[in-house]
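Written out below as structure tokens is the structure these notes cover.
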Amino acid sequence: MDKLLYGVAYYDEYMPYERLAEDIRMMKEAGINTVRIAESTWSTHEPQNGVFDFTSVDRVLDAMHEAGIHVIVGTPTYAIPAWMVKEHPDVLAVTSAGRGKYGARQIMDITHPVYLFYAERIIRKLLERVHKHPAVIGYQTDNETKHYETAGDNVQLKFVKYMRKTYGTLEKINHQFGLDYWSNRIDSWEDFPSVAGTINGSLGAEFARFQRGLVNDFLAWQVAIVNEYKQPGQFVTQNFDYEWRGHSFGVQPSVDHFAAAEPFDIAGVDIYHPSQSELTGAEIAFGGDISRSVKRSNYLVLETQAQAFPQWTPYPGQLRLLAFSHIGSGANMVAYWHWHSIHNSFETYWKGLLSHDFLPNPVYKEACTIGADFKRLSPQLTGLVKKNKIAFMISNEALSAMEWFKLPDGKNYNDVVRWLYDEFYRMNAECDFIQPSSPYLHEYDLVVVPALYAVSDEALLALNEYVKGGGHVLYSFKSGFADEQVKVRTVQQPGILSEACGIGYSMFVTPDAETGLTGGLFPEGGAGTVNSWMELLVPGTAEVLASYDHPEWGNYAAATRNTFGEGTATYVGCMMDAADLEAIVRDTLQTAGLWTEQQEYAFPLIVKSATTREGTPVRFYYNYSGKQLAGVRPVKGGTELLSGSAVSVDGELELAPWGVQIILEQE
Amino acid sequence: MDKLLYGVAYYDEYMPYERLAEDIRMMKEAGINTVRIAESTWSTHEPQNGVFDFTSVDRVLDAMHEAGIHVIVGTPTYAIPAWMVKEHPDVLAVTSAGRGKYGARQIMDITHPVYLFYAERIIRKLLERVHKHPAVIGYQTDNETKHYETAGDNVQLKFVKYMRKTYGTLEKINHQFGLDYWSNRIDSWEDFPSVAGTINGSLGAEFARFQRGLVNDFLAWQVAIVNEYKQPGQFVTQNFDYEWRGHSFGVQPSVDHFAAAEPFDIAGVDIYHPSQSELTGAEIAFGGDISRSVKRSNYLVLETQAQAFPQWTPYPGQLRLLAFSHIGSGANMVAYWHWHSIHNSFETYWKGLLSHDFLPNPVYKEACTIGADFKRLSPQLTGLVKKNKIAFMISNEALSAMEWFKLPDGKNYNDVVRWLYDEFYRMNAECDFIQPSSPYLHEYDLVVVPALYAVSDEALLALNEYVKGGGHVLYSFKSGFADEQVKVRTVQQPGILSEACGIGYSMFVTPDAETGLTGGLFPEGGAGTVNSWMELLVPGTAEVLASYDHPEWGNYAAATRNTFGEGTATYVGCMMDAADLEAIVRDTLQTAGLWTEQQEYAFPLIVKSATTREGTPVRFYYNYSGKQLAGVRPVKGGTELLSGSAVSVDGELELAPWGVQIILEQE
Amino acid sequence: MDKLLYGVAYYDEYMPYERLAEDIRMMKEAGINTVRIAESTWSTHEPQNGVFDFTSVDRVLDAMHEAGIHVIVGTPTYAIPAWMVKEHPDVLAVTSAGRGKYGARQIMDITHPVYLFYAERIIRKLLERVHKHPAVIGYQTDNETKHYETAGDNVQLKFVKYMRKTYGTLEKINHQFGLDYWSNRIDSWEDFPSVAGTINGSLGAEFARFQRGLVNDFLAWQVAIVNEYKQPGQFVTQNFDYEWRGHSFGVQPSVDHFAAAEPFDIAGVDIYHPSQSELTGAEIAFGGDISRSVKRSNYLVLETQAQAFPQWTPYPGQLRLLAFSHIGSGANMVAYWHWHSIHNSFETYWKGLLSHDFLPNPVYKEACTIGADFKRLSPQLTGLVKKNKIAFMISNEALSAMEWFKLPDGKNYNDVVRWLYDEFYRMNAECDFIQPSSPYLHEYDLVVVPALYAVSDEALLALNEYVKGGGHVLYSFKSGFADEQVKVRTVQQPGILSEACGIGYSMFVTPDAETGLTGGLFPEGGAGTVNSWMELLVPGTAEVLASYDHPEWGNYAAATRNTFGEGTATYVGCMMDAADLEAIVRDTLQTAGLWTEQQEYAFPLIVKSATTREGTPVRFYYNYSGKQLAGVRPVKGGTELLSGSAVSVDGELELAPWGVQIILEQE
């Protein structure tokens, strides 16, 4: 990719009146150089079974090409036409709520041959049509693909075969999944019940893993088809998204991003986040760090918010701050969903860059400045290289297992992940993401392991080895508790990790409202309270970083650190307020030799580092507040790219409210 | 109608032992002169398919007639017998929750021929029996009729035919409803999917309109049957009810009261409301104003509460206050649901005038005084004429559309309606209600338009014309946003209204907790905060009544007024606390020349005006508080009707806690 | 039973590796002398239809016998194997949510012949195998049996036949159940609708009674089978449980414990309760008092918590306090659910005595001291005799009726029961439980009657007679309101009770937030507010114990006492804060001559009395707080059993935090 892509999703099909020429004029004015099309409009392109109409695709491609705007073509398979459901009602996925109803997108059974037949046909018809068009730079398969909880009889049958293939015998399954419990033992493959009603968390988590496999299979199948048409210079991407809590929040439960990303040329992602006074940038860093990690390369932000919801419409300056935040995390593209605001149907209040009136508005006008800067700074900011020394280890298996076994107050895996991640974010300690099986473990100085609840012996032994060899690990509570079939380990906890961590525990309780920390790093007591979960840690060789301040559990440790071989293993046995976690993270960074100048800054002054493709360091300074930040000393001097002015290391940066500055550092 | 009707619903069928003579004796003592019967007891009157038993009807009619008590006979069609459902289970409506179960009332598909066949037969049998009985003064068709969300396959088929009849072609539907979105385009009538699963708000709102049409059809069909039997002097009414939030609250979502009321001779209504220390009288005024408006005449309160729920059992004085509040709004009848309290089943704790013990209780004793006063004051208070200069414009279409597109905090259409209406109520500024298509628009000096979200061009142009010709309009936010198919207008908002309002806006956001008002009418700042919704108004020719007090949105107007032709259009772009809204309403009333003596009184002192049939002004003073109100100067002197004493304009009224006084004014 | 049983549930089938010998070794160390087995593992014992495998039963019986540990064998019928559901999907109960799904326990239709056929076969196969084994001391039928809301077509058919048998004619049913209401009248047995959708509370409550009858039938059927095998010295018990609100809370809605317990030799129960700082012991007393009352004898605590949930893991000392609290209520057995913590499936975080690591942990170590004490004190503490002078009258009928007619704030029957019971508990006024039909009424000096909402005339007349003859009754509001078909009485309330209570009321309301008490026992006003419900009592011959402090309802009484014949009837017409209720209860105890030395102690110092089998008084002192209680004067002197030391009546007990002392009193 030779430049920063600045894009929008564009739906010629949705336009209430002829807009194409005027829209392109306004896009050019804004510096938009890429549009994404076609992924949502199967019924327009195939209004009847076997009748194809690509008029809107053709005309958009031609007009964009003429204007010099690139096009990413999406395969329109995530929203199925009415005719298909009328002819074959069973393409609708059966979930625990029963057979779905027609209307929404993402309602089909992605394993159903009827769906797959029609999907393949529309993909081939579309790609035959567009693949040699000079406007086309790449393809997106489907959109925000998940398994949509498909769990009907046909899927259950597949699952039984999967179980037989994976485990061989029912004897092994009965044992490993604990099926004697509550009379769930299965003695004959024919008796294998639908897991729709299972109360067995091991089986439930295995089914979730199987369902994630369906997504991998489906996407690989699509990519293989698209690859038949892909021309040199074109790419294939997928629009991954994150656990949704009204905005992008955490690890995606339904998709293993690492495995699913394999067949793709480049990772794409959509990132949505709180805005206005709630804006922190954390979701941009979090989502970007995962997206960059799945293929260990730059990524495309295929969707992010322009105006979006009434509570998200950006304050002046925020849209610009956001765009450069994506770039600073390693994105090569920032694209808005979407160009205009939709006049009918469902997402009318998920507004685009333009309002429903298509007039230039303050947000659009701010986009014009971003487009101009992207164009000017593409030589420096395209293909930025990030080299982080810290990795977060995340796991879909742990996530699924904790859905079955949440913390007593309802918190789940992603609550723990974000609790830790956000602390690193606020301290400007940048991170990559790896999975437990990662071959890249040894590239990092510190590995942060949140709630690695269900995990194989091998992965835990590798972590012990990693510490022994000089690595540093920061574990949270619940790590190592169960194996990969969510069978709790039968040895003292934290099981295999005990060796490196130098601790043991047999009991865990819920904190009182008054439970705090004391001792160790907290000689005067912690600043806040312990919440959600507390393990009653008994240190062996480990040093105690904190004990519980509690009349009954005061003898137990709350956080420990053990030197094991050449490295250290820090174990945090409870959830605590951010201020106290910060003290532990700070101490861990210092122990691991990772406390750098960048940690002298802290939220709301966010700092990100990278190097240009040529190897020149570049550092981003973001003001995530509505207050002017004056007198900020830069880490190093150099050229401030947005203004073009020189900045001395002894100088002072002045960051406007929601402002950003970028220094190309002099070595 | 030659007198005030004071009534109860009476269920001889429910009596645990023979009560008729004793009940009539107690009714006479209380001044009850009308009972409503038969609407709930189909299974008693037709215990088996085709076997009829009107014993209880006959004996009640005869006994009431002998006692000089009138009877309104209800057609018993809203609660179906068990035998019908056993024979034809598919008479139960299919809703989005699936096929209903037998047990409750209002569970059938009102379009189903099986139901219609049996309903017609029981109506004809009953009316043949009773229509010439001298006790019968009128009929009520069915009860609180709605469509009960009927949406099964047969109803979906009707809807497709309705769509074809209404719009002609799928091409037009695809365009106007935006069906390209999410691949919902329909290319063939056979493919038209059930809208049960639709995510298209335009389609969903159209289906809601279609469902309301089913109610109109059903009621007109019943009235036509009843009219075949109706004798001179008898009337046909329907018991309309309002959006229910534990009590009557707002515009009825499932019924277009104006259209549905057309075939009827007189409008009937049930009104239930908070009581005890929560009593304000607002629901009585609101429900009464709509009921009076639908047929532009007096109306019957067919049901209101006597003791009702434990939280509603009236304080001493309240029952009396309530009765005269209905009369002051133009009711010709006040009837309680119900005479006795039911000993079994479901509504045991929805108590009647009598408790389960049938003994005279404090509430019954208060009713006795009301009955006596009604009898004595009938010559003055029957057929009161209300002439209001203010109209609220309400719309089922806007309501349905906003169910799809609620305010971000979940508020809906009726929240906005009541937010505005209650302010007028508290200021004693009495109102009528009209619909957007109203031919009576020009009879009013001020039209208040809450959240007229989905509305035709014609209606908006008519409003602009109205202002130009000297009318005054007070708009709330969201008015004019979408057309009658809930397609957002493609011009700058508030679209067609912009011309008269002299403003434009392209953006709208959610207020912070601290957002307030400043400037214009609020030189010192508003008294409260802005909530739920704020449009970022840019004034053109309009005067700014208020701007936002907010660090980022402070440049935008919050409320404006524009002089357009001979009139003014006031536009309120946000929801605000009552105290601040009051300032705007007050200013608007003054601008429209509608600030009268009556506005010198305010809640809890509620004042209502009317004229007798002979044209003499009569004014009601209600004390909606538990405190004595002394030293109240009347607007005009005259005769206080309840006491019969003369009141001078210089005199002072003394209103007991929860008291009422009525002055027949000397001209 | 010749000794205290100290037990655990033991699941050899669930063990992740061979544990039997080691587990037995650890049990012996802890003094465990009884295990319960086999009730949950049908699929292990019958892995295929007709293929039986009792290996785990055999080996556990043999090993336990060798170790001198008794075994209670459960019939494994509450959790059905997968093969049964595959072959006969209709064994799954149909509830109001539709047909169940396989997975959980307690999902079958307990009336289904397929289920009954297989259940009988596995019971007989198992009992044939074990009944002569010397380790077996008894049997548990099924487990926590309920009707699981079974309500499918076959059950509805049974219900119609039950109704015909019970009531004879539809005419009687129509009248007594008020079926004319809302057209629910039934004229032909074939038309009897499923009650799944009924809105008739009388019918709904009758169906609930019928469903409880299904449980009685099912258990009696099981006991009859088991009795065919039972050997001399063996017993049959059932594990009853209570209304569950995250812990044992109140009267079991689905089972009539008194009727269901009849065929059994001894009552068993599971009791779970809040712990740690929330521990009060109230659930142990409440559940124990009912369990002791159902067969008027000692009972077995078949399940109670060891570590259980993170929020329940006991503080040091609490496990011991709990064990002796059960004994002090008359239990002959305390058994934990369960021995180890389960490594897979659903209840992984419902921990046993051992954690997942099987290591001795602090809770296990505390159990070791309990086991030793149980062994040593068995001669004194086995078969303790309780003679209480107070009885609570409870009723499943009242409970079901109040599910239909809850208090306005959602409180139900058990909220009222516990509100009263807990007050007696805190005052150390020990109670038995009886039903309205009890033949033992006259054995008590005071009967407490919470919300006896639905009850026959006969039972009320008996209560009046009881008072007349010198008994004392404390009624709460809502007592006597409706008859046994939940038909509200047609006389002034409290109906038949009015005679003994000397009061009447026709109205009841919801209290304001400020409503308090005044007068009578509260000359300075009550300490708290009235909540949830208030009846406007009009005293006749009764003395007023409290009036309402309310501007509108101040004339009405809130609580009264009437002398009637030789006794008194105290009536509490409203729900009030505990402090005010305490004043009324105290006064009632004093009036009834039941104020003893034991009432000089109060929570958190809980005192329980009993006599040994030989008739020696024994008194338990429990410290339900985390604070040392020093200087406690004993009621009488004697021997403190745990320490073996003598205690003089002038001496002082010192109770450790969560401590217990037991004095064998010198007469």
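Note on naming: chains are A, B, ... as they come in the structure tokens, residues start from 1 per chain, ligands start from 1 in the order shown.
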Inset, instruction - Select all residues from chain C having any atom no more than 6 Å from an atom of chain B (counting only C-alpha atoms, ignoring ligands), output as a PyMOL selection string. - result: chain C and resi 178+182-183+185+187+191+197-202+487-488+490-492+508-510
For Leu629 (chain B): contacts at 12 Å, only C-alpha atoms, fewer than 2 positions along chain excluded, given as a PDB file with C-alpha atoms, in the first residue's frame:
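File produced: around-v4.pdb:
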```pdb
ATOM      1  CA  PHE B 603     -51.699  23.965  39.587  1.00  0.00           C
ATOM      2  CA  PRO B 604     -52.666  22.767  42.180  1.00  0.00           C
ATOM      3  CA  LEU B 605     -55.477  25.249  41.646  1.00  0.00           C
ATOM      4  CA  ILE B 606     -56.975  23.992  38.406  1.00  0.00           C
ATOM      5  CA  TYR B 621     -62.230  25.656  40.525  1.00  0.00           C
ATOM      6  CA  TYR B 622     -60.487  22.480  41.648  1.00  0.00           C
ATOM      7  CA  ASN B 623     -58.100  22.137  44.540  1.00  0.00           C
ATOM      8  CA  TYR B 624     -55.688  19.367  43.576  1.00  0.00           C
ATOM      9  CA  SER B 625     -53.958  19.341  46.928  1.00  0.00           C
ATOM     10  CA  GLY B 626     -54.478  18.139  50.447  1.00  0.00           C
ATOM     11  CA  LYS B 627     -54.189  21.691  51.757  1.00  0.00           C
ATOM     12  CA  GLY B 631     -58.596  33.619  49.753  1.00  0.00           C
ATOM     13  CA  VAL B 632     -58.961  32.614  46.103  1.00  0.00           C
ATOM     14  CA  ARG B 633     -60.415  35.479  44.072  1.00  0.00           C
ATOM     15  CA  GLU B 652     -62.925  34.969  48.092  1.00  0.00           C
ATOM     16  CA  LEU B 653     -63.399  31.301  47.470  1.00  0.00           C
ATOM     17  CA  GLU B 654     -62.323  28.845  50.078  1.00  0.00           C
ATOM     18  CA  LEU B 655     -61.423  25.468  48.628  1.00  0.00           C
ATOM     19  CA  ALA B 656     -61.284  22.544  50.991  1.00  0.00           C
ATOM     20  CA  PRO B 657     -58.504  19.982  50.574  1.00  0.00           C
ATOM     21  CA  TRP B 658     -59.328  18.125  47.336  1.00  0.00           C
ATOM     22  CA  GLY B 659     -62.274  20.498  47.060  1.00  0.00           C
ATOM     23  CA  VAL B 660     -64.204  21.896  44.112  1.00  0.00           C
ATOM     24  CA  GLN B 661     -66.397  24.911  43.520  1.00  0.00           C
TER      25      GLN B 661
END
```
Inset, instruction - Extract the full set of strand (DSSP E) residues from region 129-195 of chain A according to DSSP on the backbone, and format it as a PyMOL selection string. - result: chain A and resi 136-140
Take the residues just selected and output them with C-alpha atoms as a compact mmCIF listing (two decimals), in the first residue's frame.
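Final output, selection_15.txt:
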```
# COMPACT_ATOMS: atom_id res chain seq x y z
CA VAL A 136 -10.89 -2.21 -7.70
CA ILE A 137 -8.03 -2.46 -5.22
CA GLY A 138 -9.40 -5.23 -3.11
CA TYR A 139 -12.24 -7.31 -1.78
CA GLN A 140 -13.96 -7.75 1.49
```
Inset, instruction - Mind listing the helix (DSSP H, G or I) residues of region 65-216 of chain B, per DSSP on the backbone, as a ChimeraX atom specification? - result: /B:65-67,82-87,89-91,113-130,153-167,170-176,181-183,189-191,195-197,201-216
Inset, instruction - Determine, counting only C-alpha atoms, which protein, DNA and RNA residues have an atom within 10 Å of an atom of Ala267 (chain C); residues of the same chain fewer than 4 positions away are not included. Present the result as JSON, numbers by chain. - result: {"C": [140, 236, 237, 238, 239, 240, 257, 258, 260, 261, 262, 263, 290, 291, 292, 293, 294, 295, 296, 297, 298, 299, 300, 301, 302, 331]}
Legend entry - Close residues, Val473 (chain B) itself excluded, 8 Å, only C-alpha atoms, min 3 positions apart in chain, as number ranges by chain: B: 446-449, 463, 467, 568-570
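The two atoms in question, CA of Gly567 (chain B) and CA of Val530 (chain B), are spaced 27.6 Å apart.
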Legend entry - Within 9 Å of Ile496 (chain A) using only C-alpha atoms, minus same-chain residues under 4 positions, as number ranges by chain: A: 457, 460-461, 464, 480-481, 489, 491-492, 500
Inset, instruction - Do a neighbour search on Trp419 (chain B) at 10 Å with only C-alpha atoms, toss out local chain neighbours closer than 3 positions, and write the hits as a list of chain:residue names. - result: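 Counting only C-alpha atoms, the residues come to B:Tyr413, B:Asn414, B:Asp415, B:Val416, B:Asp422, B:Glu423, B:Phe424, B:Pro450, B:Met575, B:Met576, B:Asp577, B:Ala578, B:Leu581.
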Write the residues you've just listed into a file as an mmCIF file, in the first residue's frame, and include N, CA, C and O atoms for each of them.
```cif
data_model
loop_
_atom_site.group_PDB
_atom_site.id
_atom_site.type_symbol
_atom_site.label_atom_id
_atom_site.label_comp_id
_atom_site.auth_asym_id
_atom_site.auth_seq_id
_atom_site.Cartn_x
_atom_site.Cartn_y
_atom_site.Cartn_z
ATOM 1 N N TYR B 413 -42.988 8.869 21.880
ATOM 2 C CA TYR B 413 -43.880 9.946 21.453
ATOM 3 C C TYR B 413 -44.715 10.493 22.611
ATOM 4 O O TYR B 413 -44.796 11.699 22.828
ATOM 5 N N ASN B 414 -45.343 9.586 23.342
ATOM 6 C CA ASN B 414 -46.232 10.059 24.397
ATOM 7 C C ASN B 414 -45.486 10.764 25.531
ATOM 8 O O ASN B 414 -46.061 11.615 26.209
ATOM 9 N N ASP B 415 -44.230 10.433 25.715
ATOM 10 C CA ASP B 415 -43.452 11.196 26.693
ATOM 11 C C ASP B 415 -43.356 12.660 26.285
ATOM 12 O O ASP B 415 -43.399 13.550 27.137
ATOM 13 N N VAL B 416 -43.224 12.890 25.003
ATOM 14 C CA VAL B 416 -43.126 14.268 24.523
ATOM 15 C C VAL B 416 -44.493 14.942 24.587
ATOM 16 O O VAL B 416 -44.624 16.094 25.010
ATOM 17 N N ASP B 422 -48.884 18.536 29.837
ATOM 18 C CA ASP B 422 -48.983 18.762 31.282
ATOM 19 C C ASP B 422 -48.603 20.191 31.654
ATOM 20 O O ASP B 422 -49.104 20.740 32.638
ATOM 21 N N GLU B 423 -47.723 20.792 30.862
ATOM 22 C CA GLU B 423 -47.367 22.180 31.126
ATOM 23 C C GLU B 423 -48.561 23.093 30.878
ATOM 24 O O GLU B 423 -48.839 23.987 31.679
ATOM 25 N N PHE B 424 -49.279 22.851 29.782
ATOM 26 C CA PHE B 424 -50.489 23.638 29.512
ATOM 27 C C PHE B 424 -51.532 23.382 30.602
ATOM 28 O O PHE B 424 -52.220 24.304 31.044
ATOM 29 N N PRO B 450 -46.362 18.422 19.195
ATOM 30 C CA PRO B 450 -45.280 17.647 19.811
ATOM 31 C C PRO B 450 -44.751 16.587 18.853
ATOM 32 O O PRO B 450 -45.536 15.791 18.324
ATOM 33 N N MET B 575 -35.508 18.730 24.883
ATOM 34 C CA MET B 575 -36.370 18.469 26.025
ATOM 35 C C MET B 575 -35.712 19.143 27.233
ATOM 36 O O MET B 575 -34.499 19.061 27.407
ATOM 37 N N MET B 576 -36.532 19.784 28.053
ATOM 38 C CA MET B 576 -35.966 20.526 29.181
ATOM 39 C C MET B 576 -36.855 20.336 30.395
ATOM 40 O O MET B 576 -37.968 19.813 30.283
ATOM 41 N N ASP B 577 -36.376 20.759 31.509
ATOM 42 C CA ASP B 577 -37.162 20.636 32.735
ATOM 43 C C ASP B 577 -38.428 21.491 32.653
ATOM 44 O O ASP B 577 -38.484 22.476 31.913
ATOM 45 N N ALA B 578 -39.408 21.118 33.437
ATOM 46 C CA ALA B 578 -40.714 21.767 33.376
ATOM 47 C C ALA B 578 -40.609 23.271 33.631
ATOM 48 O O ALA B 578 -41.277 24.077 32.975
ATOM 49 N N LEU B 581 -39.508 24.900 30.454
ATOM 50 C CA LEU B 581 -40.553 24.808 29.441
ATOM 51 C C LEU B 581 -41.675 25.793 29.754
ATOM 52 O O LEU B 581 -42.236 26.423 28.864
#
```
